[in-house]
Each structure stands twice: as structure tokens, then as C-alpha cells.
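S.K.: structure17.txt is reproduced below (compact mmCIF, C-alpha atoms).
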# COMPACT_ATOMS: atom_id res chain seq x y z
CA MET A 1 43.07 133.57 124.93
CA THR A 2 39.75 131.76 124.88
CA ASN A 3 39.09 128.84 122.57
CA GLU A 4 36.56 130.88 120.58
CA LEU A 5 39.17 133.52 119.76
CA ARG A 6 41.85 131.11 118.62
CA ASN A 7 42.26 130.67 114.90
CA PRO A 8 42.59 127.10 113.51
CA ALA A 9 46.39 127.18 113.36
CA GLN A 10 46.65 128.43 116.96
CA LYS A 11 44.21 125.76 118.07
CA LEU A 12 46.12 123.07 116.19
CA TRP A 13 49.40 124.27 117.74
CA GLN A 14 48.21 124.61 121.31
CA ASP A 15 46.23 121.37 121.37
CA GLN A 16 49.07 119.14 120.17
CA PRO A 17 50.23 116.37 122.50
CA VAL A 18 53.33 117.56 124.31
CA GLU A 19 56.29 115.65 125.64
CA GLY A 20 57.15 117.77 128.64
CA ILE A 21 59.55 117.12 131.47
CA THR A 22 59.16 117.66 135.18
CA MET A 23 62.17 117.73 137.45
CA SER A 24 62.42 118.22 141.17
CA ALA A 25 64.91 120.77 142.50
CA GLU A 26 67.23 117.95 143.46
CA VAL A 27 67.04 116.32 140.02
CA ILE A 28 67.60 119.59 138.18
CA ARG A 29 70.66 120.34 140.34
CA LYS A 30 72.08 116.96 139.40
CA ARG A 31 71.24 117.46 135.73
CA ALA A 32 72.83 120.94 135.76
CA ALA A 33 76.02 119.50 137.27
CA LYS A 34 75.98 116.69 134.70
CA PHE A 35 75.48 119.25 131.93
CA GLU A 36 78.50 121.24 133.21
CA ARG A 37 80.59 118.06 133.21
CA LYS A 38 79.49 117.29 129.67
CA ILE A 39 80.64 120.74 128.48
CA ARG A 40 83.94 120.40 130.37
CA TRP A 41 84.60 117.00 128.78
CA ARG A 42 83.77 118.34 125.36
CA ASN A 43 86.40 121.06 125.88
CA VAL A 44 88.91 118.53 127.13
CA ARG A 45 88.26 116.34 124.06
CA GLU A 46 88.90 119.30 121.74
CA TYR A 47 92.19 120.10 123.44
CA VAL A 48 93.26 116.46 123.44
CA ALA A 49 92.52 116.24 119.69
CA ALA A 50 94.74 119.31 119.16
CA LEU A 51 97.42 117.75 121.32
CA VAL A 52 97.33 114.57 119.22
CA ALA A 53 97.75 116.69 116.08
CA ALA A 54 100.78 118.38 117.67
CA VAL A 55 102.47 115.10 118.63
CA PRO A 56 104.28 114.56 115.28
CA LEU A 57 105.53 118.15 115.39
CA GLY A 58 106.64 117.60 118.97
CA TYR A 59 108.53 114.50 117.90
CA PHE A 60 110.35 116.46 115.18
CA LEU A 61 111.07 119.23 117.67
CA VAL A 62 112.72 116.83 120.10
CA THR A 63 114.67 114.84 117.51
CA ALA A 64 115.75 117.77 115.28
CA ARG A 65 119.52 118.18 115.09
CA ASP A 66 119.93 121.83 114.22
CA VAL A 67 118.59 125.02 115.75
CA PHE A 68 116.72 126.12 112.63
CA ALA A 69 114.63 122.93 112.62
CA ARG A 70 113.87 123.23 116.32
CA VAL A 71 112.82 126.85 115.90
CA THR A 72 110.61 125.84 112.94
CA PHE A 73 108.78 123.09 114.79
CA GLY A 74 108.61 125.12 117.99
CA LEU A 75 106.98 128.01 116.14
CA LEU A 76 104.54 125.68 114.37
CA ILE A 77 103.50 124.10 117.68
CA ALA A 78 103.08 127.52 119.30
CA GLY A 79 101.07 128.71 116.26
CA LEU A 80 98.82 125.64 116.41
CA ALA A 81 98.29 126.04 120.14
CA TRP A 82 97.34 129.69 119.73
CA MET A 83 95.01 128.79 116.86
CA VAL A 84 93.24 126.08 118.90
CA VAL A 85 92.76 128.34 121.92
CA GLN A 86 91.36 131.13 119.75
CA LEU A 87 89.17 128.73 117.77
CA HIS A 88 87.74 127.50 121.03
CA ARG A 89 87.18 131.03 122.37
CA LYS A 90 85.80 132.63 119.23
CA GLY A 91 84.57 129.97 116.87
CA SER A 92 82.15 127.80 118.73
CA VAL A 93 78.68 128.79 119.78
CA ARG A 94 78.59 128.81 123.57
CA SER A 95 76.43 126.20 125.23
CA MET A 96 74.94 128.49 127.85
CA PRO A 97 75.81 131.96 126.56
CA ALA A 98 75.82 135.05 128.73
CA GLY A 99 72.76 137.27 128.44
CA VAL A 100 70.42 134.37 127.91
CA SER A 101 68.00 135.82 130.47
CA THR A 102 68.75 139.54 130.25
CA LEU A 103 68.73 140.12 126.50
CA THR A 104 65.66 140.19 124.28
CA GLY A 105 65.53 137.62 121.49
CA LEU A 106 66.67 140.23 119.00
CA GLN A 107 69.63 141.44 121.10
CA PHE A 108 70.68 137.90 121.93
CA TYR A 109 70.57 136.68 118.33
CA ARG A 110 72.41 139.79 117.11
CA THR A 111 75.10 139.42 119.79
CA GLU A 112 75.70 135.80 118.82
CA LEU A 113 75.91 136.68 115.12
CA GLU A 114 78.25 139.62 115.86
CA ARG A 115 80.51 137.31 117.83
CA GLN A 116 80.63 134.87 114.92
CA ARG A 117 81.22 137.70 112.43
CA GLU A 118 84.10 138.99 114.56
CA ALA A 119 85.64 135.51 114.50
CA VAL A 120 85.47 135.11 110.72
CA ASN A 121 86.45 138.74 110.03
CA THR A 122 89.66 138.42 112.02
CA VAL A 123 90.52 134.95 110.75
CA TRP A 124 93.89 136.26 109.52
CA SER A 125 95.08 137.27 112.93
CA TRP A 126 94.15 134.16 114.89
CA TYR A 127 93.87 131.30 112.38
CA LEU A 128 96.35 131.97 109.58
CA ALA A 129 98.98 134.41 110.89
CA PRO A 130 100.12 132.21 113.83
CA LEU A 131 101.35 129.58 111.35
CA ILE A 132 103.29 132.05 109.16
CA PRO A 133 106.45 132.45 111.32
CA GLY A 134 106.96 128.68 111.48
CA LEU A 135 106.38 128.29 107.74
CA LEU A 136 108.73 131.19 106.94
CA VAL A 137 111.53 129.79 109.07
CA TYR A 138 110.93 126.37 107.49
CA THR A 139 111.27 127.89 104.00
CA VAL A 140 114.50 129.74 104.84
CA TRP A 141 115.92 126.71 106.62
CA SER A 142 115.09 124.40 103.70
CA ALA A 143 116.52 126.86 101.16
CA ILE A 144 119.81 127.13 103.07
CA ARG A 145 120.03 123.39 103.64
CA SER A 146 119.48 122.50 99.96
CA PRO A 147 120.91 125.34 97.82
CA ARG A 148 119.90 123.76 94.51
CA PRO A 149 117.50 125.25 91.93
CA ALA A 150 115.39 122.07 91.84
CA ALA A 151 114.98 122.11 95.63
CA TRP A 152 114.12 125.81 95.58
CA LEU A 153 111.55 125.21 92.87
CA GLY A 154 109.95 122.47 94.96
CA LEU A 155 109.96 124.77 97.95
CA ALA A 156 108.41 127.58 95.93
CA LEU A 157 105.67 125.22 94.72
CA LEU A 158 104.97 124.07 98.28
CA ASP A 159 104.77 127.69 99.47
CA ALA A 160 102.50 128.56 96.56
CA VAL A 161 100.11 125.75 97.54
CA ILE A 162 100.12 126.95 101.17
CA VAL A 163 99.53 130.56 100.10
CA GLY A 164 96.71 129.34 97.85
CA MET A 165 95.12 127.45 100.73
CA PHE A 166 95.42 130.49 103.00
CA TYR A 167 93.81 132.62 100.30
CA VAL A 168 90.88 130.21 99.90
CA VAL A 169 90.32 130.05 103.69
CA TRP A 170 90.49 133.86 103.90
CA LYS A 171 88.04 134.36 101.00
CA MET A 172 85.59 131.78 102.41
CA ASN A 173 85.65 133.53 105.75
CA LEU A 174 85.17 136.91 104.12
CA ARG A 175 82.12 135.55 102.35
CA ALA A 176 80.77 134.13 105.60
CA ALA A 177 81.40 137.51 107.27
CA ARG A 178 79.42 139.30 104.54
CA CYS A 179 76.55 136.84 104.95
CA LEU A 180 76.55 137.38 108.74
CA GLU A 181 76.75 141.15 108.20
CA ARG A 182 73.59 141.03 106.08
CA MET A 183 71.78 139.07 108.78
CA ILE A 184 72.95 141.54 111.44
CA ASP A 185 71.81 144.49 109.30
CA GLU A 186 68.37 142.89 108.96
CA LEU A 187 68.18 142.57 112.75
CA ARG A 188 69.30 146.18 113.27
CA ALA A 189 66.62 147.33 110.83
CA ALA A 190 64.03 145.37 112.79
CA GLU A 191 65.25 146.98 116.01
CA ASN A 192 65.25 150.54 114.68
CA PRO A 193 62.79 150.73 111.78
CA ARG A 194 63.00 153.93 109.76
CA MET B 195 47.92 129.57 125.74
CA SER B 196 47.83 128.20 129.24
CA THR B 197 45.05 129.47 131.45
CA VAL B 198 46.92 128.47 134.60
CA ARG B 199 48.21 131.52 136.45
CA ALA B 200 51.61 131.94 138.04
CA THR B 201 51.41 132.40 141.80
CA VAL B 202 54.98 133.33 142.67
CA THR B 203 56.39 136.76 143.53
CA VAL B 204 59.81 138.36 143.11
CA ASP B 205 60.61 137.20 146.66
CA SER B 206 60.06 133.55 145.76
CA THR B 207 63.10 131.31 145.77
CA PRO B 208 64.60 130.13 142.45
CA ASP B 209 63.20 126.65 143.11
CA GLU B 210 59.69 128.05 143.66
CA LEU B 211 59.97 130.19 140.55
CA TYR B 212 61.16 127.22 138.54
CA HIS B 213 58.34 124.97 139.72
CA ASP B 214 55.76 127.60 138.97
CA ALA B 215 57.28 128.18 135.55
CA VAL B 216 57.09 124.48 134.72
CA ARG B 217 53.56 124.19 136.10
CA VAL B 218 52.26 127.08 134.01
CA TYR B 219 54.50 127.02 130.94
CA GLY B 220 55.77 123.41 130.85
CA ASP B 221 53.62 122.44 127.87
CA ALA B 222 54.51 125.63 125.99
CA LEU B 223 58.20 124.87 126.55
CA GLY B 224 57.67 121.37 125.13
CA ARG B 225 56.00 122.87 122.04
CA LEU B 226 58.80 125.42 121.72
CA ALA B 227 61.44 122.67 121.77
CA ARG B 228 59.53 120.83 119.06
CA ALA B 229 59.57 123.95 116.88
CA TYR B 230 63.32 124.32 117.22
CA GLU B 231 64.48 120.70 116.91
CA ALA B 232 63.12 117.96 114.68
CA ASP B 233 65.26 115.12 116.02
CA THR B 234 63.62 113.46 119.04
CA ASP B 235 66.80 112.86 121.06
CA LEU B 236 68.23 116.30 120.36
CA ARG B 237 64.83 117.78 121.22
CA ARG B 238 64.90 116.10 124.60
CA ASP B 239 68.40 117.49 125.19
CA LEU B 240 67.27 120.95 124.12
CA LEU B 241 64.26 120.85 126.44
CA GLN B 242 66.48 119.79 129.31
CA GLU B 243 68.92 122.59 128.45
CA ILE B 244 66.04 125.08 128.53
CA HIS B 245 64.91 123.81 131.93
CA ILE B 246 68.43 124.06 133.35
CA ALA B 247 68.91 127.57 131.93
CA LEU B 248 65.57 128.62 133.42
CA TRP B 249 66.35 127.18 136.83
CA ARG B 250 69.73 128.91 136.84
CA SER B 251 68.34 132.18 135.56
CA PHE B 252 65.84 132.51 138.40
CA SER B 253 68.64 133.33 140.83
CA THR B 254 68.85 136.71 139.04
CA PHE B 255 65.15 137.26 138.40
CA ASP B 256 64.37 140.75 139.70
CA GLY B 257 60.78 141.19 138.57
CA ARG B 258 61.58 144.04 136.17
CA CYS B 259 59.71 142.11 133.51
CA SER B 260 56.89 139.63 133.93
CA LEU B 261 57.63 135.99 134.71
CA ARG B 262 56.17 135.04 131.35
CA THR B 263 58.47 137.44 129.45
CA TRP B 264 61.47 136.15 131.39
CA ILE B 265 60.63 132.49 130.73
CA TYR B 266 60.05 132.95 127.02
CA ARG B 267 63.21 135.06 126.65
CA VAL B 268 65.36 132.41 128.27
CA ALA B 269 63.68 129.57 126.37
CA HIS B 270 63.88 131.23 122.96
CA ASN B 271 67.46 132.41 123.51
CA VAL B 272 68.63 128.94 124.52
CA ALA B 273 66.78 127.48 121.53
CA ALA B 274 68.24 130.09 119.15
CA SER B 275 71.69 129.26 120.47
CA HIS B 276 70.93 125.58 119.81
CA VAL B 277 69.88 126.38 116.23
CA LEU B 278 73.10 128.34 115.61
CA ARG B 279 75.13 125.49 117.06
CA GLN B 280 73.42 122.94 114.80
CA ARG B 281 73.36 125.16 111.72
CA ARG B 282 76.65 123.90 110.24
CA SER B 283 75.57 120.29 110.35
CA ARG B 284 72.19 120.90 108.73
CA SER B 285 71.85 120.96 104.98
CA GLN B 286 68.61 122.91 104.74
CA ALA B 287 69.03 126.68 104.72
CA MET B 288 66.91 128.78 107.06
CA VAL B 289 64.56 131.26 105.45
CA GLY B 290 62.59 134.31 106.51
CA LEU B 291 58.81 134.57 106.56
CA GLU B 292 58.91 136.57 103.32
CA GLU B 293 60.82 133.82 101.52
CA LEU B 294 58.62 131.11 102.98
CA GLU B 295 55.58 132.75 101.42
CA ASN B 296 57.14 132.21 97.98
CA LEU B 297 58.16 128.60 98.45
CA PRO B 298 55.95 125.87 96.94
CA ASP B 299 53.77 124.58 99.75
CA GLY B 300 53.14 121.08 98.37
CA ASN B 301 49.61 121.47 99.67
CA ASN B 302 47.37 118.47 99.42
CA SER B 303 43.89 119.15 100.73
CA GLN B 304 43.07 115.53 101.31
CA GLN B 305 46.22 114.98 103.33
CA THR B 306 45.95 118.30 105.10
CA ALA B 307 42.52 117.32 106.32
CA ASP B 308 44.32 114.88 108.52
CA ARG B 309 44.99 116.75 111.72
CA SER B 310 48.28 115.07 112.53
CA HIS B 311 49.60 115.67 109.05
CA ALA B 312 48.57 119.33 109.28
CA LEU B 313 50.47 119.65 112.55
CA ASP B 314 53.55 118.00 111.04
CA ARG B 315 53.38 120.43 108.14
CA LEU B 316 53.05 123.38 110.49
CA VAL B 317 56.02 122.20 112.56
CA SER B 318 58.17 121.58 109.51
CA MET B 319 57.29 125.04 108.19
CA ILE B 320 58.31 126.64 111.49
CA GLN B 321 61.54 124.64 111.64
CA ARG B 322 62.63 126.16 108.33
CA LEU B 323 62.45 129.72 109.65
CA LYS B 324 65.28 131.88 110.92
CA PRO B 325 65.34 132.05 114.73
CA LEU B 326 63.76 135.47 115.10
CA ASP B 327 60.92 134.75 112.68
CA ARG B 328 60.45 131.43 114.41
CA HIS B 329 60.27 133.33 117.69
CA VAL B 330 57.49 135.59 116.38
CA ILE B 331 55.41 132.84 114.78
CA LEU B 332 55.65 130.67 117.90
CA SER B 333 54.60 133.55 120.12
CA TYR B 334 51.68 134.19 117.79
CA LEU B 335 50.68 130.52 117.81
CA GLU B 336 50.88 130.50 121.61
CA GLY B 337 48.34 133.31 121.52
CA HIS B 338 50.55 136.15 122.75
CA GLU B 339 49.40 139.63 121.92
CA ALA B 340 51.60 141.89 119.76
CA ALA B 341 52.80 144.00 122.73
CA ALA B 342 54.01 140.91 124.58
CA ILE B 343 55.77 139.60 121.48
CA SER B 344 57.47 142.98 121.12
CA GLU B 345 58.60 142.89 124.76
CA ILE B 346 59.98 139.34 124.55
CA THR B 347 61.67 139.67 121.17
CA GLY B 348 62.80 143.31 121.38
CA LEU B 349 61.28 143.96 117.94
CA SER B 350 59.45 147.23 117.51
CA PRO B 351 55.63 146.99 117.83
CA GLY B 352 55.22 148.11 114.22
CA TYR B 353 57.61 145.45 112.98
CA VAL B 354 55.79 142.79 115.01
CA ALA B 355 52.47 143.95 113.53
CA VAL B 356 53.85 143.54 110.00
CA LYS B 357 55.22 140.10 110.85
CA ILE B 358 51.93 138.98 112.36
CA HIS B 359 50.09 140.16 109.29
CA ARG B 360 52.44 138.05 107.16
CA ILE B 361 52.06 135.07 109.49
CA LYS B 362 48.28 135.26 109.33
CA SER B 363 48.23 135.35 105.55
CA LEU B 364 50.80 132.56 105.35
CA LEU B 365 48.82 130.36 107.73
CA ALA B 366 45.57 131.17 105.96
CA CYS B 367 47.14 130.19 102.68
CA GLN B 368 48.79 127.00 103.96
CA PHE B 369 46.08 125.92 106.39
CA GLN B 370 42.76 127.02 105.00
CA GLN B 371 39.70 127.12 107.15
CA GLY B 372 38.09 123.71 107.30
CA GLU B 373 41.29 121.84 106.50
CA ILE B 374 42.22 121.73 110.14
CA ARG B 375 39.60 120.23 112.34
Would you give me this structure, written as C-alpha cells?
M.R.:
Amino acid sequence: MTNELRNPAQKLWQDQPVEGITMSAEVIRKRAAKFERKIRWRNVREYVAALVAAVPLGYFLVTARDVFARVTFGLLIAGLAWMVVQLHRKGSVRSMPAGVSTLTGLQFYRTELERQREAVNTVWSWYLAPLIPGLLVYTVWSAIRSPRPAAWLGLALLDAVIVGMFYVVWKMNLRAARCLERMIDELRAAENPR
Amino acid sequence: MSTVRATVTVDSTPDELYHDAVRVYGDALGRLARAYEADTDLRRDLLQEIHIALWRSFSTFDGRCSLRTWIYRVAHNVAASHVLRQRRSRSQAMVGLEELENLPDGNNSQQTADRSHALDRLVSMIQRLKPLDRHVILSYLEGHEAAAISEITGLSPGYVAVKIHRIKSLLACQFQQGEIR
């Protein structure tokens, strides 16, 4: 486009001072490898953080005296591990997602939003449900161990709080899913206008 | 828009394609990064990420679309991914072009007359947009014609025409003739 044809905003935009970068093939290879390492370390850090969170449960698992307690803590650790793996696979936005060069902007953006919607829509199956077996066994175990009305009441209150928290997480994710759905619908409409 | 022409062919190596891309579109990529990231350090990271993605992508470049379309697709997609990644840590909600038209512009003619301030205002306006609208307005500002914008974004030509119409009226309203010198 020639200067005469540019409108003031285009001229302003195109004439701005730019901080560009120039890299030789060798430098960009090194940077790409460094970038890969950065992503790998980020993943390692996330898994280590999850491992640290699981340490107290692991301690209880090892030191527990009866089978019920071991099953409880074992199930909770397995549930947490499953949750972390799924959170990592579904929840985060990928650093160098597939299709970055083959998809149009519209397809790419829609695919990323659909992936996020899928994650929040199925939050029950990968984020909440994995913890339920461990919590159920814990409830039964606690009820058997302390067969007193006061203990059962305390247990019921604890379960009610947990159910309440699950409900809030589920509703928040449903709301996020609806918001993403609206954005996806807008993109579909832009792709196939009536 | 850059007047430098790309000289590579489909048979060029990824390194040759990358160097040609940077030679011709390097400045445009810098501007694109500015439109997607306000923070200087994060912007540098984003620009580097775009360069790496481009360099990698050229190993699969088959010439089915133009080099320009390919470069802008990769750059915008990486930048959109960056925006989605940063979205949760940003307080300001992203809006569409239609909503932006209705927001108070805080226009101050005396200040706007200052070229640098006008550019800052333009950049901050773009940074508030949803990725796809940002994609369209940036392509327009880079001087791409509607057909090219449609090819890069995947939006229908009619939809792009409507968006460009909105962009023009928005820019005319926010940056009146004579205010930008």
C-alpha cells in the first residue's frame, strides 16, 4: 500500500518505532532448545508441587495402622494424582499448540476455546469424582471407628462442607463453560454467516 | 505494510524461509507483539516465541498458501495462545469491536495531537480487543486487503467487510483527521 493510500491510523501504526529481533539459524536453534527446556521444567515444577501436596497423605498412608485408613489415604493419593495429570493435560493452554501453522486464526482460536470448554464441562469426571472414593471410605471408616452421635454429626457437617465446596466448583465451571460456549458460538457464526 | 518482497520459493530451506520472513515481515511481527502484550519483558518473550514457532513451522511449509498468509497465521495464532494463557492473570476483560465503540474514549484533542500519545491510545485500544477482532484490526492497520484478511483469519469475506467498516468508523471517531500528524 502506498503512503498516499494509507489513512492516518494506518500511517501512525506502520510508522511506529519497532523493537524487532534478528536471530541467526544457530541462535534460533539454541533459543528453541532453551524454550523446550523451559517448558519441560515448568511441567516438572507442577508435578513436584503436586508431589509435595501428596507428602502428608503419603505419610499417613505409611503410618496408618488399619486397612481402612490405608485404603482411604491410598485412594486420596491416587485421586490427587489423576486430578493433577488431567489438569495438566486439559486445563492449561499449550505453549506451542498443534495447528499453529495449519489452522486459520478463527479455527485456531475456536479449537483452543473448545478444548477449554471440554475441560470445564467435564470437571466432575476428572477434578471432583477422583476424590470421592477416598472421601467415602474415610467417612465410613470414621463412622465405624467412632460410633457416637456427636462424632457422626461432626462427620456429617464435614461431608456437607465438602459437598458444598464441590457444588460451588461445579457451578463455577458450568458458568465458565457457558461463557466459553457463547464465545464459540460467536466464532461459528463468523465462520458460517447466515 | 512492508514494500520489501519475499524472494524464497517452496523449495527453500526452513532457514532461508525464516530469514526471508524476518527480513520482510520482521517489523510487522514486532508491531504485532506490541498489540498483543503491553508488558515489555513479556512482549520480548512473545516475540521470541513467534520467531521460534515460525522457524519450526517452515519445515512443513508446502506453498499451498502464500508466505505472507503463513507467517501471519503462525504469528497471530501464537499471540492468541499467549493472550489465552495470560487471560486469567489479567483483570481487564476483553471486548469486541462492537462493545469498544460504546465505551467512553476519554478523548482529549490536545493530548491526541501528540503523536506518541495517539499511538499509545491506539495500542491500548487494540490490546483490549478479543483475539479475533484484534487480528482483523491489526491486519487492517498493516494495510492488508479484505481478501487477504479473510484468508489469514478464516472469516468470511462479508464478515471481514463488516468488521472493517466498524474499524474505520471507530478509528475515525477516536483518531479524527488532523489529530494524528
S.K.: Which is closest to Leu316 of chain B among B:Arg281, B:Arg225, B:Gln242, B:Arg360, if we use all atoms listed in the file?
M.R.: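 With all atoms listed in the file as the atom set, the closest residue is B:Arg225.
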S.K.: Identify all chain A residues at most 7 Å from chain B by counting all atoms listed in the file; ligands do not count. Present them as a ChimeraX atom specification.
M.R.: /A:1,8-10,12-14,18-20,25,28,32,93,100-101,104-106,108,190-191
S.K.: Would you mind listing what lies within 9 Å of Arg328 of chain B as a list in words, with all atoms listed in the file counted and same-chain residues fewer than 6 positions away left out?
M.R.: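 Everything that qualifies: Ala229, Tyr230, Gly290, Leu291, Ile320, Gln321 and Arg322 of chain B.
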S.K.: Hey, which of A:Arg182, A:Leu76, A:Tyr138, A:Val161 ends up closest to Ala53 of chain A? Count only C-alpha atoms.
M.R.: A:Leu76
S.K.: Would you kindly return, as a ChimeraX atom specification, each protein, DNA or RNA residue with an atom no farther than 12 Å from any atom of segment 120-133 of chain A, considering all atoms listed in the file and excluding same-chain residues fewer than 3 positions away?
M.R.: /A:71-92,113-117,136-140,159,162-163,165-181
S.K.: Would you mind exporting the chosen residues as a short mmCIF file (atom, residue, chain, number, x, y, z; two decimals), keeping the file's coordinate frame, restricted to C-alpha atoms?
M.R.:
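Generated file (selection23.cif):
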data_model
loop_
_atom_site.label_atom_id
_atom_site.label_comp_id
_atom_site.auth_asym_id
_atom_site.auth_seq_id
_atom_site.Cartn_x
_atom_site.Cartn_y
_atom_site.Cartn_z
CA VAL A 71 112.82 126.85 115.90
CA THR A 72 110.61 125.84 112.94
CA PHE A 73 108.78 123.09 114.79
CA GLY A 74 108.61 125.12 117.99
CA LEU A 75 106.98 128.01 116.14
CA LEU A 76 104.54 125.68 114.37
CA ILE A 77 103.50 124.10 117.68
CA ALA A 78 103.08 127.52 119.30
CA GLY A 79 101.07 128.71 116.26
CA LEU A 80 98.82 125.64 116.41
CA ALA A 81 98.29 126.04 120.14
CA TRP A 82 97.34 129.69 119.73
CA MET A 83 95.01 128.79 116.86
CA VAL A 84 93.24 126.08 118.90
CA VAL A 85 92.76 128.34 121.92
CA GLN A 86 91.36 131.13 119.75
CA LEU A 87 89.17 128.73 117.77
CA HIS A 88 87.74 127.50 121.03
CA ARG A 89 87.18 131.03 122.37
CA LYS A 90 85.80 132.63 119.23
CA GLY A 91 84.57 129.97 116.87
CA SER A 92 82.15 127.80 118.73
CA LEU A 113 75.91 136.68 115.12
CA GLU A 114 78.25 139.62 115.86
CA ARG A 115 80.51 137.31 117.83
CA GLN A 116 80.63 134.87 114.92
CA ARG A 117 81.22 137.70 112.43
CA LEU A 136 108.73 131.19 106.94
CA VAL A 137 111.53 129.79 109.07
CA TYR A 138 110.93 126.37 107.49
CA THR A 139 111.27 127.89 104.00
CA VAL A 140 114.50 129.74 104.84
CA ASP A 159 104.77 127.69 99.47
CA ILE A 162 100.12 126.95 101.17
CA VAL A 163 99.53 130.56 100.10
CA MET A 165 95.12 127.45 100.73
CA PHE A 166 95.42 130.49 103.00
CA TYR A 167 93.81 132.62 100.30
CA VAL A 168 90.88 130.21 99.90
CA VAL A 169 90.32 130.05 103.69
CA TRP A 170 90.49 133.86 103.90
CA LYS A 171 88.04 134.36 101.00
CA MET A 172 85.59 131.78 102.41
CA ASN A 173 85.65 133.53 105.75
CA LEU A 174 85.17 136.91 104.12
CA ARG A 175 82.12 135.55 102.35
CA ALA A 176 80.77 134.13 105.60
CA ALA A 177 81.40 137.51 107.27
CA ARG A 178 79.42 139.30 104.54
CA CYS A 179 76.55 136.84 104.95
CA LEU A 180 76.55 137.38 108.74
CA GLU A 181 76.75 141.15 108.20
#
S.K.: At what distance in Å, to one decimal, does atom CA of Leu323 of chain B lie from atom CA of Met288 of chain B?
M.R.: 5.2 Å
S.K.: Would you compute the distance between atom CA of Val289 of chain B and atom CA of Gln16 of chain A? Give it in Å to one decimal.
M.R.: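 That distance, rounded to one decimal, is 24.6 Å.
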S.K.: Kindly indicate which residue among B:Ser206, B:Asp256, B:Ser318, B:Asp214 lies nearest to Asp233 of chain B, using all atoms listed in the file for the distances.
M.R.: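 Among the listed residues, B:Ser318 lies closest to Asp233 of chain B.
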S.K.: Using only C-alpha atoms, which of the listed residues (B:Ile331, B:Ala287, B:Leu261, B:Leu240) sits closest to Ile361 of chain B?
M.R.: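 When distances to Ile361 of chain B are compared using only C-alpha atoms, the smallest one comes from B:Ile331.
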S.K.: Hey, can you check how far atom CA of Lys11 of chain A sits from atom CA of Ala273 of chain B?
M.R.: 22.9 Å
S.K.: Pick out the residues sitting within 12 Å of Ile144 of chain A, and hand them over as a CSV table (one decimal) with C-alpha atoms, keeping the file's coordinate frame; count only C-alpha atoms, and ignore anything fewer than 6 positions along from it in its own chain.
M.R.:
chain,number,residue,atom,x,y,z
A,68,PHE,CA,116.7,126.1,112.6
A,69,ALA,CA,114.6,122.9,112.6
A,137,VAL,CA,111.5,129.8,109.1
A,138,TYR,CA,110.9,126.4,107.5
A,151,ALA,CA,115.0,122.1,95.6
A,152,TRP,CA,114.1,125.8,95.6
A,155,LEU,CA,110.0,124.8,98.0
